[in-house]
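Trainee: Contents are mmCIF, C-alpha atoms; file name query03.cif:
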```cif
data_my_file
loop_
_atom_site.label_atom_id
_atom_site.label_comp_id
_atom_site.auth_asym_id
_atom_site.auth_seq_id
_atom_site.Cartn_x
_atom_site.Cartn_y
_atom_site.Cartn_z
CA MET A 1 0.12 -13.58 -26.86
CA ASN A 2 1.09 -9.99 -26.06
CA THR A 3 2.34 -9.63 -22.49
CA ASN A 4 3.98 -6.24 -23.12
CA GLN A 5 0.83 -4.17 -22.86
CA LYS A 6 0.99 -0.65 -21.46
CA LYS A 7 0.16 -0.50 -17.77
CA ASN A 8 -1.25 2.13 -15.46
CA ARG A 9 0.05 3.04 -12.00
CA SER A 10 -1.71 0.04 -10.43
CA GLY A 11 0.49 -2.30 -12.48
CA LEU A 12 -2.38 -3.76 -14.49
CA PRO A 13 -2.61 -3.46 -18.31
CA ASN A 14 -4.59 -0.47 -19.54
CA LYS A 15 -6.69 -2.91 -21.58
CA LEU A 16 -7.88 -4.60 -18.40
CA ILE A 17 -8.39 -1.28 -16.60
CA SER A 18 -10.57 -0.11 -19.51
CA TYR A 19 -12.63 -3.28 -19.25
CA LEU A 20 -13.01 -2.95 -15.48
CA THR A 21 -14.12 0.67 -15.87
CA ALA A 22 -16.69 -0.27 -18.53
CA VAL A 23 -18.39 -2.99 -16.45
CA SER A 24 -18.20 -1.30 -13.05
CA ASN A 25 -20.69 0.53 -10.86
CA LEU A 26 -19.86 3.65 -8.89
CA LYS A 27 -19.92 3.52 -5.10
CA GLU A 28 -19.29 6.35 -2.65
CA ILE A 29 -17.51 5.70 0.65
CA GLN A 30 -17.65 8.15 3.53
CA LYS A 31 -14.53 9.19 5.41
CA ASN A 32 -13.63 6.96 8.40
CA SER A 33 -15.61 3.99 7.13
CA TYR A 34 -14.53 0.56 5.85
CA LEU A 35 -15.00 -0.48 2.26
CA PHE A 36 -14.36 -4.12 3.17
CA HIS A 37 -13.03 -6.15 6.10
CA GLU A 38 -10.37 -8.83 6.26
CA GLY A 39 -11.96 -12.29 6.28
CA ALA A 40 -15.29 -11.13 4.83
CA HIS A 41 -16.78 -12.92 1.83
CA ALA A 42 -15.24 -11.39 -1.30
CA SER A 43 -17.32 -10.95 -4.43
CA GLU A 44 -16.06 -7.56 -5.64
CA LEU A 45 -12.86 -5.84 -6.74
CA TYR A 46 -12.46 -2.06 -6.57
CA LEU A 47 -10.80 0.59 -8.72
CA ILE A 48 -10.36 3.85 -6.82
CA GLU A 49 -11.73 6.78 -8.80
CA ALA A 50 -11.08 9.38 -6.09
CA GLY A 51 -10.01 9.28 -2.47
CA PHE A 52 -7.47 7.70 -0.16
CA PHE A 53 -7.51 4.36 1.65
CA TYR A 54 -5.37 2.57 4.22
CA ILE A 55 -5.06 -1.13 3.43
CA SER A 56 -4.46 -3.06 6.64
CA LYS A 57 -4.29 -6.40 8.38
CA VAL A 58 -5.04 -7.28 12.01
CA ASN A 59 -2.33 -9.25 13.80
CA PRO A 60 -3.09 -12.05 16.34
CA ASP A 61 -2.97 -9.50 19.19
CA GLY A 62 -5.75 -7.47 17.60
CA LYS A 63 -3.50 -4.59 16.50
CA GLU A 64 -4.01 -3.14 13.05
CA PHE A 65 -1.03 -3.19 10.68
CA ASN A 66 -1.13 -0.77 7.74
CA MET A 67 0.23 -2.60 4.70
CA ARG A 68 -0.09 0.19 2.12
CA VAL A 69 -1.90 3.34 1.14
CA ALA A 70 -4.07 3.41 -1.97
CA LYS A 71 -5.37 6.33 -4.00
CA SER A 72 -6.91 7.24 -7.35
CA GLY A 73 -5.99 4.72 -10.04
CA ASP A 74 -5.19 1.91 -7.61
CA ILE A 75 -6.90 -1.48 -7.53
CA ILE A 76 -7.87 -2.77 -4.08
CA GLY A 77 -9.71 -5.81 -2.81
CA GLU A 78 -7.25 -8.46 -4.00
CA LEU A 79 -9.22 -11.67 -3.97
CA THR A 80 -8.89 -15.31 -4.93
CA LEU A 81 -10.45 -15.84 -8.32
CA PHE A 82 -12.06 -19.06 -9.52
CA SER A 83 -12.68 -20.08 -5.91
CA GLU A 84 -16.00 -20.97 -4.33
CA ASP A 85 -15.30 -19.16 -1.07
CA SER A 86 -13.11 -16.10 -1.70
CA ARG A 87 -12.24 -14.01 1.34
CA TYR A 88 -10.64 -10.60 1.56
CA MET A 89 -7.07 -10.93 2.80
CA LEU A 90 -6.92 -7.32 4.03
CA SER A 91 -9.21 -4.46 5.09
CA ALA A 92 -9.71 -1.06 3.41
CA TRP A 93 -10.45 2.06 5.49
CA ALA A 94 -11.29 5.39 3.85
CA ALA A 95 -9.13 8.25 5.14
CA GLU A 96 -11.30 10.73 3.24
CA ASP A 97 -14.56 10.77 1.30
CA SER A 98 -13.89 8.47 -1.65
CA ARG A 99 -15.39 7.00 -4.81
CA VAL A 100 -14.67 3.53 -6.11
CA LEU A 101 -15.68 1.58 -9.18
CA VAL A 102 -17.09 -1.81 -8.18
CA ILE A 103 -16.30 -4.84 -10.35
CA GLU A 104 -18.12 -8.11 -9.79
CA LYS A 105 -15.85 -11.12 -9.28
CA ASN A 106 -17.95 -13.29 -11.61
CA ASN A 107 -17.64 -10.79 -14.47
CA LEU A 108 -13.88 -10.53 -14.02
CA GLU A 109 -13.53 -14.32 -14.02
CA LYS A 110 -15.44 -14.56 -17.29
CA LYS A 111 -13.26 -11.91 -18.91
CA LEU A 112 -10.01 -13.55 -17.80
CA SER A 113 -11.17 -17.02 -18.88
CA MET A 114 -11.70 -15.66 -22.41
CA ASP A 115 -8.39 -13.78 -22.58
CA PRO A 116 -5.37 -15.83 -21.42
CA GLY A 117 -3.01 -12.89 -21.95
CA LEU A 118 -4.93 -10.70 -19.53
CA ALA A 119 -5.24 -13.62 -17.11
CA ILE A 120 -1.46 -13.96 -17.00
CA GLU A 121 -1.02 -10.22 -16.41
CA PHE A 122 -3.57 -10.31 -13.61
CA MET A 123 -1.80 -13.25 -11.96
CA LYS A 124 1.52 -11.41 -12.23
CA TRP A 125 -0.03 -8.41 -10.51
CA MET A 126 -1.47 -10.57 -7.74
CA SER A 127 1.92 -12.21 -7.24
CA THR A 128 3.61 -8.80 -7.02
CA MET A 129 1.10 -7.57 -4.42
CA MET A 130 1.65 -10.68 -2.32
CA ARG A 131 5.43 -10.25 -2.54
CA ILE A 132 5.18 -6.62 -1.43
CA ASN A 133 3.10 -7.60 1.61
CA GLN A 134 5.39 -10.51 2.51
CA ILE A 135 8.47 -8.27 2.47
CA LYS A 136 6.79 -5.76 4.79
CA ILE A 137 5.89 -8.51 7.24
CA ARG A 138 9.44 -9.89 6.98
CA ASP A 139 10.92 -6.50 7.89
CA LEU A 140 8.72 -6.30 10.96
CA ILE A 141 9.52 -9.83 12.10
CA SER A 142 13.26 -9.59 11.39
CA TYR A 143 13.98 -6.08 12.65
CA GLY A 144 11.15 -5.24 15.01
CA LYS A 145 9.37 -1.93 15.38
CA LYS A 146 12.46 0.07 14.46
CA GLY A 147 13.00 -1.93 11.28
CA ALA A 148 9.33 -1.53 10.38
CA LEU A 149 9.61 2.26 10.74
CA TYR A 150 12.85 2.43 8.76
CA SER A 151 11.46 0.29 5.92
CA THR A 152 8.24 2.36 5.91
CA ILE A 153 10.24 5.58 5.50
CA ILE A 154 12.25 3.99 2.66
CA ARG A 155 9.05 2.90 0.93
CA LEU A 156 7.49 6.32 1.42
CA SER A 157 10.58 7.86 -0.20
CA ASN A 158 10.12 5.61 -3.24
CA SER A 159 6.41 6.44 -3.52
CA TYR A 160 6.30 10.09 -2.47
CA GLY A 161 9.92 11.24 -2.30
CA ILE A 162 10.94 14.56 -3.86
CA GLN A 163 14.67 15.17 -4.17
CA ARG A 164 15.64 18.41 -2.47
CA GLU A 165 19.07 20.01 -2.21
CA ASN A 166 19.60 18.67 1.31
CA GLY A 167 17.63 15.41 1.22
CA ILE A 168 14.45 13.61 0.18
CA GLU A 169 11.14 15.20 1.17
CA LEU A 170 8.27 12.77 1.70
CA ASP A 171 5.41 14.57 -0.04
CA ILE A 172 2.67 13.03 2.09
CA HIS A 173 1.42 14.04 5.51
CA LEU A 174 1.08 11.13 7.94
CA THR A 175 0.53 11.65 11.64
CA HIS A 176 2.72 9.77 14.10
CA TYR A 177 -0.30 7.66 14.95
CA GLU A 178 -0.73 6.70 11.29
CA LEU A 179 2.98 5.87 11.03
CA ALA A 180 2.65 3.74 14.16
CA LYS A 181 0.06 1.57 12.43
CA PHE A 182 2.64 0.70 9.77
CA CYS A 183 4.88 -0.61 12.57
CA ILE A 184 2.32 -2.18 14.95
CA THR A 185 3.53 0.05 17.74
CA SER A 186 2.40 3.11 19.69
CA ARG A 187 2.51 6.75 18.69
CA GLU A 188 4.84 7.35 21.63
CA ASN A 189 7.34 4.80 20.28
CA VAL A 190 7.26 6.42 16.85
CA ASN A 191 7.82 9.83 18.46
CA ARG A 192 10.87 8.46 20.27
CA MET A 193 12.33 6.72 17.21
CA LEU A 194 11.87 9.82 15.02
CA ARG A 195 13.46 11.95 17.73
CA ASP A 196 16.46 9.60 17.86
CA LEU A 197 16.82 9.75 14.07
CA LYS A 198 16.60 13.53 14.20
CA ASN A 199 19.34 13.66 16.84
CA MET A 200 21.53 11.57 14.53
CA ASP A 201 20.82 13.95 11.62
CA VAL A 202 19.16 11.15 9.66
CA LEU A 203 15.92 13.06 9.13
CA ASP A 204 13.77 15.92 10.34
CA VAL A 205 10.11 16.90 10.38
CA MET A 206 9.38 20.05 8.39
CA SER A 207 6.97 22.83 9.35
CA ASN A 208 4.37 21.43 6.89
CA GLY A 209 4.45 18.05 8.65
CA HIS A 210 6.44 16.31 5.91
CA ILE A 211 9.48 14.26 6.80
CA ILE A 212 12.74 15.10 5.06
CA VAL A 213 15.35 12.34 4.99
CA TYR A 214 18.98 13.42 4.95
CA ARG A 215 20.68 10.01 5.22
CA ILE A 216 18.51 7.35 3.64
CA GLU A 217 21.51 5.04 3.27
CA TYR A 218 21.68 4.82 7.05
CA LEU A 219 18.13 3.47 7.13
CA ARG A 220 18.92 0.96 4.38
CA GLU A 221 22.02 -0.28 6.19
CA GLN A 222 20.13 -0.81 9.44
CA ILE A 223 17.68 -3.25 7.83
CA ASN A 224 20.16 -4.88 5.44
CA CYS A 225 18.19 -3.45 2.51
CA GLU A 226 18.23 -5.81 -0.47
CA ASN A 227 17.74 -2.93 -2.94
CA CYS A 228 14.51 -4.36 -4.30
CA PRO A 229 13.16 -2.62 -7.42
CA VAL A 230 11.00 0.42 -6.74
CA SER A 231 8.02 -1.47 -8.13
CA ILE A 232 8.31 -3.73 -5.07
CA CYS A 233 9.68 -1.34 -2.45
CA ARG A 234 6.72 1.06 -2.33
CA ILE A 235 4.03 2.05 0.14
CA ASP A 236 1.28 2.43 -2.49
#
```
Using structure tokens, write down the structure that the file contains.
Mentor:
Amino acid sequence: MNTNQKKNRSGLPNKLISYLTAVSNLKEIQKNSYLFHEGAHASELYLIEAGFFYISKVNPDGKEFNMRVAKSGDIIGELTLFSEDSRYMLSAWAAEDSRVLVIEKNNLEKKLSMDPGLAIEFMKWMSTMMRINQIKIRDLISYGKKGALYSTIIRLSNSYGIQRENGIELDIHLTHYELAKFCITSRENVNRMLRDLKNMDVLDVMSNGHIIVYRIEYLREQINCENCPVSICRID
């Protein structure tokens, strides 16, 4: 059994991605609309061909918590396979006009049942995604809104960071409102926390809207960062 297959950016083997692409149907999603909702019956998995999605969860108070961002090449719609009543664990909202390849759950189950090697790789990927989400929730519970913001900035640096002479530029534009949804807090609170970090020379907001982080070790120290591998400590 070969478990050392080449993988794409989603973490799944290219062999499985090729299969998913071959049996999929194209679906277009308009900006500001949901592809699927948390708790809805799940019969499809999605491979993003083009576009940008926020993957989120609603907390008991009704506030939306952004778990990750997903773009071209990512798999979304993690679902429970070989189950009679699969439900989506998260929601997917399109931040721009997008295209996804739709894979039927039944077809995927048949493929995995015939190829144990791919089944193991798929289960590993599912386990990794669950671990990533659990760590994000842990940071929020353990360190509050501030810890959630700090860990989000660290993850953004791992996913979109570009090393500059004076720091790490986050090569993605997120509004303060969008950042707030990663922390289950208000835009005003994010404004205040970013202002405090700027006053401490930890980071700054550039003219293009990107954040540049000067002292990322400070953020790591504040949340007792466990130095997880980049494959785990990411926002995408």
Trainee: Excluding Ile76 of chain A and any residue of its chain fewer than 3 positions from it, enumerate the residues within 12 Å of it, using all atoms listed in the file, and give them as a ChimeraX atom specification.
Mentor: /A:10-12,35-37,42,44-49,52-56,67-73,79,88-94,100-103,125-126,129,236
Trainee: To one decimal in Å, tell me the separation between atom CA of Leu197 of chain A and atom CA of Leu149 of chain A.
Mentor: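 Answer for the atom CA of Leu197 of chain A to atom CA of Leu149 of chain A separation: 10.9 Å.
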Trainee: Could you check which of A:Asn191, A:Ser207, A:Asn25, A:Thr80 is closest to Phe122 of chain A, using all atoms listed in the file?
Mentor: A:Thr80
Trainee: To verify the selection step, state as a list in words which residues the PyMOL selection byres ((chain A and resi 189) around 12) yields on this input.
Mentor: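 After applying the PyMOL selection byres ((chain A and resi 189) around 12), what remains is Gly144, Lys145, Lys146, Ala148, Leu149, His176, Tyr177, Leu179, Ala180, Lys181, Cys183, Ile184, Thr185, Ser186, Arg187, Glu188, Val190, Asn191, Arg192, Met193, Leu194, Arg195 and Asp196 of chain A.
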Trainee: With segment 214-231 of chain A as the partner and 7 Å as the cut-off, tabulate the residues of segment 83-188 of chain A that qualify, each row holding the nearest pair of atoms and their distance in Å to one decimal, using only C-alpha atoms, sorted by chain and rising number, as JSON lines.
Mentor:
```
{"residue": "A:Tyr143", "atom": "CA", "partner": "A:Ile223", "partner_atom": "CA", "distance": 6.7}
{"residue": "A:Gly147", "atom": "CA", "partner": "A:Ile223", "partner_atom": "CA", "distance": 6.0}
{"residue": "A:Tyr150", "atom": "CA", "partner": "A:Leu219", "partner_atom": "CA", "distance": 5.6}
{"residue": "A:Asn158", "atom": "CA", "partner": "A:Val230", "partner_atom": "CA", "distance": 6.3}
{"residue": "A:Asn166", "atom": "CA", "partner": "A:Tyr214", "partner_atom": "CA", "distance": 6.4}
{"residue": "A:Gly167", "atom": "CA", "partner": "A:Tyr214", "partner_atom": "CA", "distance": 4.4}
{"residue": "A:Ile168", "atom": "CA", "partner": "A:Tyr214", "partner_atom": "CA", "distance": 6.6}
```
Trainee: Given the choices A:Ala40, A:Lys136, A:Phe182, A:Ile29, which gets closest to Asp85 of chain A if the distance is worked out from all atoms listed in the file?
Mentor: A:Ala40
Trainee: May I have the residues within 6 Å of segment 104-106 of chain A as a list in words, using all atoms listed in the file and disregarding those fewer than 2 positions away in the same chain?
Mentor: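 Here the answer would be Ser43, Glu44, Leu108 and Glu109 of chain A.
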Trainee: Could you tell me how far atom CA of His173 of chain A lies from atom CA of Pro60 of chain A, in Å and to one decimal?
Mentor: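 Interatomic distance here is 28.6 Å.
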Trainee: Tell me which protein, DNA and RNA residues are within 8 Å of Lys31 of chain A, counting all atoms listed in the file, leaving out same-chain ones fewer than 4 positions away, and put them as a list of chain:residue names.
Mentor: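 Within the cut-off, the hits are A:Ala94, A:Ala95, A:Glu96, A:Asp97, A:Ser98.
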Trainee: Next, write the just-selected residues to a file, as a compact mmCIF listing (two decimals), keeping the file's coordinate frame, keeping C-alpha atoms as the atom set.
Mentor:
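Just written: part.txt:
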```
# COMPACT_ATOMS: atom_id res chain seq x y z
CA ALA A 94 -11.29 5.39 3.85
CA ALA A 95 -9.13 8.25 5.14
CA GLU A 96 -11.30 10.73 3.24
CA ASP A 97 -14.56 10.77 1.30
CA SER A 98 -13.89 8.47 -1.65
```
Trainee: Please, could all heavy atoms be added to segment 75-86 of chain A and the result written as a PDB file, keeping the file's coordinate frame?
Mentor:
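Resulting contents of out-v6.pdb:
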```
ATOM      1  N   ILE A  75      -5.960  -0.374  -7.687  1.00  0.00           N
ATOM      2  CA  ILE A  75      -6.900  -1.480  -7.530  1.00  0.00           C
ATOM      3  C   ILE A  75      -6.778  -1.998  -6.096  1.00  0.00           C
ATOM      4  O   ILE A  75      -5.671  -2.207  -5.602  1.00  0.00           O
ATOM      5  CB  ILE A  75      -6.572  -2.623  -8.499  1.00  0.00           C
ATOM      6  CG1 ILE A  75      -6.774  -2.184  -9.951  1.00  0.00           C
ATOM      7  CG2 ILE A  75      -7.420  -3.853  -8.196  1.00  0.00           C
ATOM      8  CD1 ILE A  75      -8.208  -2.144 -10.393  1.00  0.00           C
ATOM      9  N   ILE A  76      -7.891  -2.193  -5.422  1.00  0.00           N
ATOM     10  CA  ILE A  76      -7.870  -2.770  -4.080  1.00  0.00           C
ATOM     11  C   ILE A  76      -8.935  -3.865  -3.980  1.00  0.00           C
ATOM     12  O   ILE A  76      -9.845  -3.932  -4.796  1.00  0.00           O
ATOM     13  CB  ILE A  76      -8.100  -1.703  -2.974  1.00  0.00           C
ATOM     14  CG1 ILE A  76      -9.418  -0.957  -3.200  1.00  0.00           C
ATOM     15  CG2 ILE A  76      -6.944  -0.731  -2.906  1.00  0.00           C
ATOM     16  CD1 ILE A  76      -9.735   0.037  -2.093  1.00  0.00           C
ATOM     17  N   GLY A  77      -8.778  -4.699  -2.969  1.00  0.00           N
ATOM     18  CA  GLY A  77      -9.710  -5.810  -2.810  1.00  0.00           C
ATOM     19  C   GLY A  77      -9.186  -7.059  -3.463  1.00  0.00           C
ATOM     20  O   GLY A  77      -9.956  -7.853  -4.008  1.00  0.00           O
ATOM     21  N   GLU A  78      -7.838  -7.263  -3.409  1.00  0.00           N
ATOM     22  CA  GLU A  78      -7.250  -8.460  -4.000  1.00  0.00           C
ATOM     23  C   GLU A  78      -7.995  -9.685  -3.471  1.00  0.00           C
ATOM     24  O   GLU A  78      -8.159  -9.855  -2.273  1.00  0.00           O
ATOM     25  CB  GLU A  78      -5.767  -8.565  -3.629  1.00  0.00           C
ATOM     26  CG  GLU A  78      -4.917  -7.414  -4.134  1.00  0.00           C
ATOM     27  CD  GLU A  78      -4.755  -6.296  -3.137  1.00  0.00           C
ATOM     28  OE1 GLU A  78      -5.732  -5.995  -2.420  1.00  0.00           O
ATOM     29  OE2 GLU A  78      -3.670  -5.722  -3.084  1.00  0.00           O
ATOM     30  N   LEU A  79      -8.437 -10.514  -4.368  1.00  0.00           N
ATOM     31  CA  LEU A  79      -9.220 -11.670  -3.970  1.00  0.00           C
ATOM     32  C   LEU A  79      -8.791 -12.904  -4.752  1.00  0.00           C
ATOM     33  O   LEU A  79      -8.075 -12.816  -5.748  1.00  0.00           O
ATOM     34  CB  LEU A  79     -10.729 -11.409  -4.150  1.00  0.00           C
ATOM     35  CG  LEU A  79     -11.194 -10.768  -5.469  1.00  0.00           C
ATOM     36  CD1 LEU A  79     -11.236 -11.766  -6.591  1.00  0.00           C
ATOM     37  CD2 LEU A  79     -12.557 -10.123  -5.271  1.00  0.00           C
ATOM     38  N   THR A  80      -9.218 -14.049  -4.277  1.00  0.00           N
ATOM     39  CA  THR A  80      -8.890 -15.310  -4.930  1.00  0.00           C
ATOM     40  C   THR A  80      -9.944 -15.597  -5.993  1.00  0.00           C
ATOM     41  O   THR A  80     -11.105 -15.834  -5.677  1.00  0.00           O
ATOM     42  CB  THR A  80      -8.857 -16.457  -3.910  1.00  0.00           C
ATOM     43  OG1 THR A  80      -7.929 -16.130  -2.884  1.00  0.00           O
ATOM     44  CG2 THR A  80      -8.422 -17.750  -4.571  1.00  0.00           C
ATOM     45  N   LEU A  81      -9.513 -15.581  -7.232  1.00  0.00           N
ATOM     46  CA  LEU A  81     -10.450 -15.840  -8.320  1.00  0.00           C
ATOM     47  C   LEU A  81     -10.647 -17.338  -8.522  1.00  0.00           C
ATOM     48  O   LEU A  81      -9.834 -18.158  -8.102  1.00  0.00           O
ATOM     49  CB  LEU A  81      -9.926 -15.209  -9.609  1.00  0.00           C
ATOM     50  CG  LEU A  81      -9.806 -13.676  -9.626  1.00  0.00           C
ATOM     51  CD1 LEU A  81      -9.226 -13.209 -10.943  1.00  0.00           C
ATOM     52  CD2 LEU A  81     -11.148 -13.011  -9.368  1.00  0.00           C
ATOM     53  N   PHE A  82     -11.742 -17.679  -9.189  1.00  0.00           N
ATOM     54  CA  PHE A  82     -12.060 -19.060  -9.520  1.00  0.00           C
ATOM     55  C   PHE A  82     -12.065 -19.939  -8.262  1.00  0.00           C
ATOM     56  O   PHE A  82     -11.628 -21.080  -8.269  1.00  0.00           O
ATOM     57  CB  PHE A  82     -11.093 -19.602 -10.568  1.00  0.00           C
ATOM     58  CG  PHE A  82     -11.027 -18.765 -11.813  1.00  0.00           C
ATOM     59  CD1 PHE A  82      -9.981 -17.897 -12.026  1.00  0.00           C
ATOM     60  CD2 PHE A  82     -12.051 -18.822 -12.752  1.00  0.00           C
ATOM     61  CE1 PHE A  82      -9.929 -17.099 -13.172  1.00  0.00           C
ATOM     62  CE2 PHE A  82     -12.014 -18.033 -13.907  1.00  0.00           C
ATOM     63  CZ  PHE A  82     -10.947 -17.175 -14.109  1.00  0.00           C
ATOM     64  N   SER A  83     -12.567 -19.365  -7.176  1.00  0.00           N
ATOM     65  CA  SER A  83     -12.680 -20.080  -5.910  1.00  0.00           C
ATOM     66  C   SER A  83     -14.101 -19.934  -5.397  1.00  0.00           C
ATOM     67  O   SER A  83     -14.720 -18.875  -5.548  1.00  0.00           O
ATOM     68  CB  SER A  83     -11.694 -19.507  -4.878  1.00  0.00           C
ATOM     69  OG  SER A  83     -11.921 -20.056  -3.607  1.00  0.00           O
ATOM     70  N   GLU A  84     -14.614 -20.993  -4.801  1.00  0.00           N
ATOM     71  CA  GLU A  84     -16.000 -20.970  -4.330  1.00  0.00           C
ATOM     72  C   GLU A  84     -16.191 -20.089  -3.105  1.00  0.00           C
ATOM     73  O   GLU A  84     -17.267 -19.583  -2.863  1.00  0.00           O
ATOM     74  CB  GLU A  84     -16.449 -22.404  -4.012  1.00  0.00           C
ATOM     75  CG  GLU A  84     -16.557 -23.314  -5.237  1.00  0.00           C
ATOM     76  CD  GLU A  84     -17.597 -22.827  -6.228  1.00  0.00           C
ATOM     77  OE1 GLU A  84     -18.627 -22.303  -5.783  1.00  0.00           O
ATOM     78  OE2 GLU A  84     -17.375 -22.967  -7.447  1.00  0.00           O
ATOM     79  N   ASP A  85     -15.139 -19.905  -2.318  1.00  0.00           N
ATOM     80  CA  ASP A  85     -15.300 -19.160  -1.070  1.00  0.00           C
ATOM     81  C   ASP A  85     -14.157 -18.157  -0.909  1.00  0.00           C
ATOM     82  O   ASP A  85     -13.298 -18.294  -0.039  1.00  0.00           O
ATOM     83  CB  ASP A  85     -15.330 -20.123   0.117  1.00  0.00           C
ATOM     84  CG  ASP A  85     -15.678 -19.426   1.422  1.00  0.00           C
ATOM     85  OD1 ASP A  85     -16.358 -18.381   1.371  1.00  0.00           O
ATOM     86  OD2 ASP A  85     -15.252 -19.906   2.483  1.00  0.00           O
ATOM     87  N   SER A  86     -14.147 -17.126  -1.769  1.00  0.00           N
ATOM     88  CA  SER A  86     -13.110 -16.100  -1.700  1.00  0.00           C
ATOM     89  C   SER A  86     -13.325 -15.226  -0.466  1.00  0.00           C
ATOM     90  O   SER A  86     -14.459 -14.856  -0.135  1.00  0.00           O
ATOM     91  CB  SER A  86     -13.142 -15.228  -2.959  1.00  0.00           C
ATOM     92  OG  SER A  86     -12.766 -15.974  -4.082  1.00  0.00           O
TER      93      SER A  86
END
```
